[in-house]
$ cat model05.tsv   # TSV, C-alpha atoms
chain	number	residue	atom	x	y	z
A	11	MET	CA	-32.78	-75.84	-78.04
A	12	ALA	CA	-30.68	-78.79	-79.13
A	13	SER	CA	-30.56	-81.60	-76.57
A	14	VAL	CA	-27.02	-82.53	-77.62
A	15	ARG	CA	-24.41	-79.78	-77.55
A	16	MET	CA	-22.70	-79.27	-80.88
A	17	ILE	CA	-18.94	-79.01	-81.15
A	18	GLU	CA	-18.26	-75.84	-83.13
A	19	ALA	CA	-15.42	-75.59	-85.66
A	20	GLU	CA	-13.56	-73.08	-83.47
A	21	GLU	CA	-13.32	-75.48	-80.55
A	22	ALA	CA	-12.52	-78.60	-82.61
A	23	THR	CA	-9.11	-80.19	-82.18
A	24	GLY	CA	-7.16	-83.19	-83.51
A	25	LYS	CA	-9.12	-85.67	-85.63
A	26	VAL	CA	-12.37	-83.70	-85.39
A	27	LYS	CA	-10.68	-80.53	-86.61
A	28	ALA	CA	-9.10	-82.40	-89.52
A	29	ILE	CA	-12.41	-83.94	-90.56
A	30	TYR	CA	-14.23	-80.61	-90.20
A	31	GLU	CA	-11.69	-79.06	-92.59
A	32	GLU	CA	-12.20	-81.91	-95.01
A	33	ILE	CA	-15.99	-81.55	-94.84
A	34	MET	CA	-15.86	-77.82	-95.51
A	35	ALA	CA	-13.42	-78.23	-98.38
A	36	ASP	CA	-15.48	-81.02	-99.92
A	37	LEU	CA	-18.80	-79.19	-99.60
A	38	GLY	CA	-17.27	-75.85	-100.53
A	39	THR	CA	-18.68	-74.11	-97.45
A	40	ASP	CA	-17.31	-72.15	-94.52
A	41	PHE	CA	-19.43	-74.04	-92.00
A	42	VAL	CA	-19.86	-77.62	-90.84
A	43	PRO	CA	-23.39	-79.08	-91.06
A	44	ASN	CA	-25.03	-79.44	-87.66
A	45	MET	CA	-25.42	-83.20	-87.84
A	46	PHE	CA	-21.64	-83.63	-88.05
A	47	LYS	CA	-21.15	-81.22	-85.17
A	48	VAL	CA	-23.34	-83.47	-83.03
A	49	MET	CA	-21.44	-86.59	-84.10
A	50	ALA	CA	-18.13	-84.95	-83.20
A	51	HIS	CA	-18.47	-86.09	-79.59
A	52	LYS	CA	-17.35	-89.46	-80.95
A	53	PRO	CA	-14.54	-88.71	-83.44
A	54	ASP	CA	-14.38	-92.26	-84.80
A	55	PHE	CA	-18.11	-92.24	-85.41
A	56	LEU	CA	-17.87	-88.82	-87.08
A	57	GLU	CA	-15.15	-90.09	-89.37
A	58	ALA	CA	-17.10	-93.25	-90.26
A	59	GLN	CA	-20.23	-91.27	-91.07
A	60	TRP	CA	-18.34	-88.72	-93.13
A	61	ARG	CA	-16.60	-91.46	-95.11
A	62	LYS	CA	-19.98	-93.09	-95.70
A	63	THR	CA	-21.43	-89.77	-96.93
A	64	GLN	CA	-18.50	-89.37	-99.29
A	65	ALA	CA	-18.90	-92.90	-100.61
A	66	VAL	CA	-22.66	-92.55	-101.12
A	67	MET	CA	-22.44	-89.18	-102.87
A	68	ARG	CA	-19.42	-90.02	-105.02
A	69	PRO	CA	-20.37	-89.90	-108.74
A	70	GLU	CA	-20.58	-93.40	-110.18
A	71	LYS	CA	-23.44	-94.69	-112.32
A	72	LEU	CA	-25.41	-91.69	-111.10
A	73	ASP	CA	-23.87	-88.25	-111.02
A	74	LYS	CA	-23.74	-86.17	-107.85
A	75	LEU	CA	-26.67	-83.92	-108.75
A	76	THR	CA	-28.93	-86.90	-109.39
A	77	LYS	CA	-27.89	-88.33	-106.02
A	78	GLU	CA	-28.67	-85.01	-104.34
A	79	ILE	CA	-32.08	-84.91	-106.01
A	80	ILE	CA	-32.79	-88.44	-104.79
A	81	ALA	CA	-31.72	-87.39	-101.29
A	82	VAL	CA	-34.13	-84.45	-101.45
A	83	ALA	CA	-36.92	-86.72	-102.68
A	84	VAL	CA	-36.33	-89.27	-99.92
A	85	SER	CA	-36.26	-86.48	-97.38
A	86	ALA	CA	-39.49	-84.98	-98.71
A	87	VAL	CA	-41.33	-88.30	-98.89
A	88	SER	CA	-40.19	-89.22	-95.37
A	89	GLY	CA	-41.19	-85.85	-93.97
A	90	CYS	CA	-37.63	-85.26	-92.79
A	91	ASP	CA	-36.27	-81.73	-92.16
A	92	TYR	CA	-32.79	-82.53	-93.46
B	5	MET	CA	-51.32	-121.40	-90.09
B	6	GLN	CA	-47.64	-121.43	-91.00
B	7	ALA	CA	-44.80	-120.96	-88.56
B	8	GLY	CA	-43.35	-117.47	-88.35
B	9	LEU	CA	-46.49	-115.39	-88.01
B	10	SER	CA	-49.41	-116.09	-85.72
B	11	LYS	CA	-52.37	-113.88	-84.93
B	12	SER	CA	-50.81	-113.10	-81.59
B	13	ASP	CA	-47.84	-111.57	-83.44
B	14	PHE	CA	-50.15	-109.16	-85.17
B	15	GLU	CA	-50.13	-106.41	-82.57
B	16	SER	CA	-46.37	-105.99	-82.80
B	17	LEU	CA	-46.51	-106.24	-86.59
B	18	TYR	CA	-49.05	-103.43	-86.60
B	19	SER	CA	-47.11	-101.12	-84.33
B	20	GLU	CA	-43.80	-101.87	-86.03
B	21	HIS	CA	-44.90	-101.33	-89.62
B	22	PHE	CA	-47.95	-99.08	-89.54
B	23	ALA	CA	-46.02	-95.85	-90.18
B	24	ASP	CA	-44.02	-97.40	-93.05
B	25	VAL	CA	-47.13	-98.72	-94.75
B	26	GLU	CA	-48.93	-95.41	-94.22
B	27	ARG	CA	-46.03	-93.49	-95.82
B	28	PHE	CA	-45.92	-95.94	-98.72
B	29	VAL	CA	-49.66	-95.67	-99.34
B	30	ALA	CA	-49.48	-91.89	-99.19
B	31	GLN	CA	-47.30	-91.96	-102.31
B	32	PHE	CA	-50.12	-93.57	-104.25
B	33	VAL	CA	-53.04	-91.46	-103.10
B	34	ARG	CA	-52.85	-87.75	-102.44
B	35	ASP	CA	-55.90	-87.64	-100.19
B	36	ARG	CA	-54.92	-88.09	-96.55
B	37	GLY	CA	-58.24	-89.59	-95.57
B	38	VAL	CA	-58.07	-92.18	-98.32
B	39	ALA	CA	-54.46	-93.00	-97.40
B	40	ASP	CA	-55.50	-93.61	-93.77
B	41	GLU	CA	-58.36	-95.77	-94.96
B	42	LEU	CA	-56.17	-97.87	-97.27
B	43	THR	CA	-53.53	-98.30	-94.58
B	44	GLN	CA	-56.16	-99.59	-92.16
B	45	GLU	CA	-57.54	-101.83	-94.87
B	46	THR	CA	-54.07	-103.24	-95.50
B	47	PHE	CA	-53.82	-104.40	-91.90
B	48	VAL	CA	-57.38	-105.69	-91.83
B	49	LYS	CA	-56.69	-107.73	-94.94
B	50	ALA	CA	-53.38	-108.92	-93.53
B	51	PHE	CA	-55.08	-109.91	-90.29
B	52	ARG	CA	-57.73	-111.88	-92.13
B	53	SER	CA	-55.21	-113.68	-94.28
B	54	VAL	CA	-52.58	-114.16	-91.61
B	55	GLY	CA	-53.24	-117.89	-91.77
B	56	SER	CA	-52.28	-118.04	-95.42
B	57	TYR	CA	-49.00	-116.16	-94.91
B	58	ARG	CA	-46.38	-118.70	-95.86
B	59	GLY	CA	-43.34	-116.87	-94.63
B	60	GLU	CA	-41.64	-116.94	-98.02
B	61	ALA	CA	-41.15	-113.18	-97.82
B	62	SER	CA	-40.68	-111.06	-94.70
B	63	ALA	CA	-43.84	-109.81	-93.02
B	64	ARG	CA	-42.90	-106.28	-94.06
B	65	THR	CA	-42.59	-107.27	-97.71
B	66	TRP	CA	-45.92	-109.10	-97.44
B	67	LEU	CA	-47.61	-105.97	-96.00
B	68	PHE	CA	-46.22	-103.76	-98.77
B	69	ARG	CA	-47.52	-106.19	-101.38
B	70	ILE	CA	-51.02	-106.11	-99.86
B	71	ALA	CA	-50.88	-102.31	-99.62
B	72	ARG	CA	-49.78	-101.93	-103.22
B	73	ASN	CA	-52.55	-104.18	-104.52
B	74	LEU	CA	-55.14	-102.25	-102.53
B	75	CYS	CA	-53.79	-98.94	-103.84
B	76	ILE	CA	-53.93	-100.13	-107.44
B	77	ASP	CA	-57.48	-101.39	-106.97
B	78	TYR	CA	-58.41	-98.06	-105.44
B	79	LEU	CA	-56.82	-96.01	-108.23
B	80	ARG	CA	-58.83	-97.95	-110.78
B	81	SER	CA	-62.07	-97.33	-108.91
B	82	PRO	CA	-64.67	-94.71	-109.93
B	83	ARG	CA	-64.20	-93.05	-106.53
B	84	ALA	CA	-60.53	-92.35	-107.28
B	85	MET	CA	-61.37	-90.93	-110.72
B	86	GLN	CA	-63.86	-88.58	-109.10
B	87	LEU	CA	-61.35	-87.37	-106.51
B	88	ALA	CA	-58.70	-86.88	-109.20
B	89	SER	CA	-60.98	-84.64	-111.23
B	90	LEU	CA	-61.76	-82.57	-108.13
B	91	GLU	CA	-58.02	-82.24	-107.46
B	92	SER	CA	-57.36	-80.95	-110.96
B	93	VAL	CA	-60.03	-78.27	-110.48
B	94	GLU	CA	-58.40	-77.19	-107.22
B	95	ALA	CA	-54.94	-77.17	-108.83
B	96	ASP	CA	-56.18	-74.74	-111.45
B	97	GLY	CA	-56.83	-72.23	-108.70
B	98	GLY	CA	-53.24	-71.20	-108.09
B	99	GLY	CA	-49.57	-71.94	-108.70
B	100	ARG	CA	-46.62	-72.45	-106.38
B	101	GLN	CA	-44.20	-69.90	-105.11
B	102	GLY	CA	-40.39	-69.78	-105.19
B	103	TYR	CA	-38.35	-71.81	-102.76
B	104	SER	CA	-34.98	-73.12	-101.79
B	105	PHE	CA	-34.32	-76.16	-99.68
B	106	THR	CA	-31.77	-78.06	-97.70
B	107	ILE	CA	-30.40	-81.45	-98.57
B	108	ALA	CA	-29.57	-84.38	-96.39
B	109	GLY	CA	-26.89	-83.55	-93.89
B	110	ARG	CA	-26.81	-79.81	-94.42
B	111	GLU	CA	-27.90	-76.97	-92.18
B	112	ALA	CA	-31.48	-76.97	-90.95
B	113	PRO	CA	-33.60	-73.96	-91.95
B	114	ARG	CA	-33.00	-71.00	-89.67
B	115	SER	CA	-36.11	-68.91	-90.06
B	116	VAL	CA	-39.85	-69.28	-90.40
B	117	GLU	CA	-39.54	-68.02	-93.96
B	118	GLU	CA	-36.91	-70.62	-94.83
B	119	ARG	CA	-39.00	-73.31	-93.18
B	120	ALA	CA	-42.00	-72.27	-95.26
B	121	ARG	CA	-39.92	-72.35	-98.44
B	122	GLN	CA	-38.60	-75.78	-97.56
B	123	ASP	CA	-42.12	-77.06	-96.94
B	124	GLU	CA	-43.13	-75.78	-100.36
B	125	MET	CA	-40.16	-77.48	-101.92
B	126	SER	CA	-40.98	-80.74	-100.17
B	127	ASP	CA	-44.53	-80.57	-101.51
B	128	CYS	CA	-43.14	-79.94	-104.96
B	129	VAL	CA	-40.66	-82.83	-104.91
B	130	ARG	CA	-43.32	-85.13	-103.51
B	131	ALA	CA	-45.51	-84.14	-106.46
B	132	PHE	CA	-42.69	-85.08	-108.84
B	133	VAL	CA	-42.34	-88.47	-107.16
B	134	GLN	CA	-46.09	-88.99	-107.43
B	135	ASP	CA	-45.94	-88.08	-111.11
B	136	LEU	CA	-43.64	-91.04	-111.80
B	137	PRO	CA	-45.34	-94.07	-113.39
B	138	GLU	CA	-46.57	-96.42	-110.68
B	139	SER	CA	-44.08	-99.21	-111.32
B	140	LEU	CA	-41.12	-96.80	-111.18
B	141	ARG	CA	-42.43	-94.88	-108.18
B	142	THR	CA	-43.03	-98.04	-106.18
B	143	ALA	CA	-39.52	-99.30	-106.87
B	144	LEU	CA	-38.02	-95.94	-105.87
B	145	ILE	CA	-40.03	-95.62	-102.65
B	146	LEU	CA	-39.46	-99.20	-101.56
B	147	HIS	CA	-35.72	-99.01	-102.22
B	148	ASP	CA	-34.68	-95.48	-101.30
B	149	VAL	CA	-37.23	-94.65	-98.60
B	150	GLU	CA	-38.26	-97.98	-97.10
B	151	GLU	CA	-34.83	-99.54	-97.68
B	152	LEU	CA	-36.06	-102.87	-98.99
B	153	THR	CA	-33.56	-104.96	-100.91
B	154	ASN	CA	-34.02	-105.49	-104.64
B	155	ARG	CA	-35.04	-109.07	-103.95
B	156	GLN	CA	-37.71	-107.95	-101.48
B	157	ILE	CA	-38.99	-105.39	-103.98
B	158	ALA	CA	-39.21	-108.11	-106.61
B	159	ALA	CA	-41.44	-110.03	-104.20
B	160	VAL	CA	-43.68	-106.99	-103.64
B	161	LEU	CA	-43.97	-106.19	-107.34
B	162	GLY	CA	-44.08	-109.77	-108.53
B	163	CYS	CA	-41.31	-109.23	-111.06
B	164	SER	CA	-37.74	-110.33	-111.64
B	165	LEU	CA	-34.67	-108.97	-109.90
B	166	GLU	CA	-33.44	-107.53	-113.20
B	167	ALA	CA	-36.75	-105.75	-113.73
B	168	VAL	CA	-36.44	-104.16	-110.29
B	169	LYS	CA	-32.94	-102.89	-111.05
B	170	MET	CA	-34.10	-101.45	-114.35
B	171	ARG	CA	-37.16	-99.77	-112.80
B	172	LEU	CA	-35.09	-98.29	-110.01
B	173	HIS	CA	-32.57	-96.87	-112.44
B	174	ARG	CA	-35.27	-95.48	-114.69
B	175	ALA	CA	-37.11	-93.97	-111.72
B	176	ARG	CA	-34.03	-92.10	-110.58
B	177	LEU	CA	-33.24	-90.84	-114.05
B	178	SER	CA	-36.87	-89.82	-114.65
B	179	LEU	CA	-36.89	-87.85	-111.42
B	180	ARG	CA	-33.70	-86.12	-112.46
B	181	GLU	CA	-35.12	-85.36	-115.91
B	182	MET	CA	-38.35	-83.96	-114.47
B	183	MET	CA	-36.45	-81.65	-112.16
B	184	ASP	CA	-34.09	-80.62	-114.94
B	185	GLU	CA	-37.04	-79.77	-117.16
B	186	ARG	CA	-39.26	-78.00	-114.63
B	187	CYS	CA	-36.77	-76.51	-112.19
B	188	ASP	CA	-33.81	-74.19	-112.43
B	189	LEU	CA	-31.52	-76.01	-110.00
B	190	PHE	CA	-28.39	-74.48	-108.57
B	191	HIS	CA	-26.19	-74.58	-105.46
B	192	ASP	CA	-26.52	-71.43	-103.39
B	193	ASP	CA	-23.68	-69.77	-101.47
B	194	LEU	CA	-24.16	-72.26	-98.64
B	195	SER	CA	-23.69	-75.09	-101.15
B	196	VAL	CA	-27.31	-76.03	-100.70
B	197	LEU	CA	-29.23	-77.35	-103.68
B	198	ALA	CA	-31.89	-74.77	-104.51
B	199	CYS	CA	-34.36	-73.90	-107.22
B	200	ALA	CA	-34.56	-70.43	-108.72
B	201	PRO	CA	-37.88	-68.61	-108.84
B	202	ALA	CA	-39.40	-68.30	-112.29
B	203	ALA	CA	-38.23	-65.43	-114.46
B	204	PRO	CA	-40.79	-62.59	-114.47
B	205	LEU	CA	-43.33	-63.03	-117.22
B	206	ALA	CA	-43.68	-60.50	-119.98
B	207	SER	CA	-46.49	-58.04	-119.36
B	208	GLY	CA	-49.83	-59.39	-120.57
B	209	GLU	CA	-48.35	-62.81	-121.32
B	210	CYS	CA	-49.81	-64.47	-118.26
B	211	ASN	CA	-50.99	-63.23	-114.88
B	212	GLU	CA	-49.89	-64.61	-111.51
B	213	ASP	CA	-52.77	-67.04	-111.43
B	214	CYS	CA	-51.48	-68.74	-114.55
B	215	ALA	CA	-51.02	-72.40	-113.69
B	216	SER	CA	-48.52	-73.61	-116.23
B	217	GLU	CA	-46.51	-76.77	-115.73
B	218	GLN	CA	-43.43	-74.67	-114.97
B	219	GLU	CA	-45.15	-73.16	-111.96
B	220	LEU	CA	-45.30	-76.59	-110.39
B	221	CYS	CA	-41.78	-75.94	-109.23
B	222	THR	CA	-41.36	-72.19	-109.15
$ encode --input "model05.tsv" --output "structure tokens"
Amino acid sequence: MASVRMIEAEEATGKVKAIYEEIMADLGTDFVPNMFKVMAHKPDFLEAQWRKTQAVMRPEKLDKLTKEIIAVAVSAVSGCDY
Amino acid sequence: MQAGLSKSDFESLYSEHFADVERFVAQFVRDRGVADELTQETFVKAFRSVGSYRGEASARTWLFRIARNLCIDYLRSPRAMQLASLESVEADGGGRQGYSFTIAGREAPRSVEERARQDEMSDCVRAFVQDLPESLRTALILHDVEELTNRQIAAVLGCSLEAVKMRLHRARLSLREMMDERCDLFHDDLSVLACAPAAPLASGECNEDCASEQELCT
């Protein structure tokens, strides 16, 4: 069981709701990843982290798929579940 | 002994950086026992030469440089050659199964089956990273996993800042190329990056024990 309660999309309001909608639209999903739902207790922090994710994954010298592959590799090498 | 690092600092240095060094070493050698051994040896060597540490680089950078040198020495040793040949015999015994996996920031796996598939994928990606040439792999691990700056990496590798940037770029592109060649990548309906299982082989072409390069990722 998670030690921090997650704020689900249905109960989100105001800034959190707006960012959730942006996340889902950007990722093309109908759900919000758990890590953002945990951050949602602090809306400003959620927004900062989401903006950082967007900036990191934005295609520049490396395209998005290459960045995703690097993220997977880092995750695998670090033994991280995400 | 120079200012900045005394023998009495060593205990905190050990506890602070042991896991990082261990993870770094594990990318050079696939054998867990050898990785443990080399990690210990890194700290023993660091402890013995703590007096000659000049503080030009951070202690962490210094430890990574010692670890890398020990790994390279090990990989050139007859013992490593012997282990590598044993590994290749074991690898011939079976291929890998299909998988899908999650990426940073997405949903965690929900079932035992998904967890197993993710573990397989992690093993596979780790194998790709280990297949990178040493100079590229080290740059990638130090930058993207250990979060060293390019300047710190240059100190570990003993090369120029420009060389680090070039190696890092080439490492990332090589990883991408390897996955493009050996994997059928796609985004599933949850927008998660996944890899399709291999297409069924034609009857009599190859049985399920066939260990082709493609099976490394399928």
$ closest_residue --input "model05.tsv" --among "B:Leu74, B:Pro137, B:Ser53, B:Phe28" --to "chain A" --atoms "all atoms listed in the file"
B:Phe28
$ closest_residue --input "model05.tsv" --among "A:Met34, A:Ala19, A:Lys77, A:Val42" --to "Ala65 (chain A)" --atoms "only C-alpha atoms"
A:Lys77
$ closest_residue --input "model05.tsv" --among "B:Arg52, B:His191, B:Arg27, B:Arg174" --to "Glu78 (chain A)" --atoms "only C-alpha atoms"
B:His191
$ closest_residue --input "model05.tsv" --among "A:Pro69, A:Gly24, A:Pro53, A:Gly89" --to "chain B" --atoms "only C-alpha atoms"
A:Gly89
$ residues_around --input "model05.tsv" --residues "Ala167 (chain B)" --least-positions-apart "6" --cutoff "12 Å" --atoms "all atoms listed in the file" --output "PDB file with C-alpha atoms, keeping the file's coordinate frame"
ATOM      1  CA  SER B 139     -44.080 -99.210-111.320  1.00  0.00           C
ATOM      2  CA  LEU B 140     -41.120 -96.800-111.180  1.00  0.00           C
ATOM      3  CA  ALA B 143     -39.520 -99.300-106.870  1.00  0.00           C
ATOM      4  CA  ASN B 154     -34.020-105.490-104.640  1.00  0.00           C
ATOM      5  CA  ARG B 155     -35.040-109.070-103.950  1.00  0.00           C
ATOM      6  CA  ILE B 157     -38.990-105.390-103.980  1.00  0.00           C
ATOM      7  CA  ALA B 158     -39.210-108.110-106.610  1.00  0.00           C
ATOM      8  CA  ALA B 159     -41.440-110.030-104.200  1.00  0.00           C
ATOM      9  CA  LEU B 161     -43.970-106.190-107.340  1.00  0.00           C
ATOM     10  CA  HIS B 173     -32.570 -96.870-112.440  1.00  0.00           C
ATOM     11  CA  ARG B 174     -35.270 -95.480-114.690  1.00  0.00           C
ATOM     12  CA  ALA B 175     -37.110 -93.970-111.720  1.00  0.00           C
TER      13      ALA B 175
END
$ residues_around --input "model05.tsv" --residues "Glu32 (chain A)" --least-positions-apart "4" --cutoff "12 Å" --atoms "all atoms listed in the file" --output "ChimeraX atom specification"
/A:19,25-28,36-42,46,56-57,60-61,64
$ residues_around --input "model05.tsv" --residues "Thr46 (chain B)" --least-positions-apart "5" --cutoff "9 Å" --atoms "all atoms listed in the file" --output "compact mmCIF listing (two decimals) with C-alpha atoms, in the frame of the given file"
# COMPACT_ATOMS: atom_id res chain seq x y z
CA VAL B 25 -47.13 -98.72 -94.75
CA GLU B 41 -58.36 -95.77 -94.96
CA PHE B 51 -55.08 -109.91 -90.29
CA LEU B 67 -47.61 -105.97 -96.00
CA PHE B 68 -46.22 -103.76 -98.77
CA ILE B 70 -51.02 -106.11 -99.86
CA ALA B 71 -50.88 -102.31 -99.62
CA ARG B 72 -49.78 -101.93 -103.22
CA LEU B 74 -55.14 -102.25 -102.53
$ residues_near_point --input "model05.tsv" --point "(-26.8, -97.0, -109.8)" --cutoff "9 Å" --atoms "all atoms listed in the file" --output "JSON, numbers by chain"
{"A": [70, 71, 72], "B": [169, 172, 173, 176]}
$ interface_residues --input "model05.tsv" --of "chain A" --to "chain B" --cutoff "6 Å" --atoms "only C-alpha atoms" --output "ChimeraX atom specification"
/A:39,43-44,76,82-84,86-87,92
$ axis_aligned_box --input "model05.tsv" --around "region 144-153 of chain B" --padding-each-side "5 Å" --output "lines of an AutoDock Vina configuration file"
center_x = -36.8
center_y = -99.8
center_z = -101.5
size_x = 16.5
size_y = 20.3
size_z = 18.8
$ atom_distance --input "model05.tsv" --atom1 "CA of Glu45 (chain B)" --atom2 "CA of Arg171 (chain B)"
27.2 Å
$ atom_distance --input "model05.tsv" --atom1 "CA of Gly37 (chain B)" --atom2 "CA of Cys75 (chain B)"
13.3 Å
$ residues_near_point --input "model05.tsv" --point "(-26.4, -79.5, -77.4)" --cutoff "12 Å" --atoms "only C-alpha atoms" --output "ChimeraX atom specification"
/A:11-18,44-45,47-51
$ atom_distance --input "model05.tsv" --atom1 "CA of Ser81 (chain B)" --atom2 "CA of Cys163 (chain B)"
24.0 Å
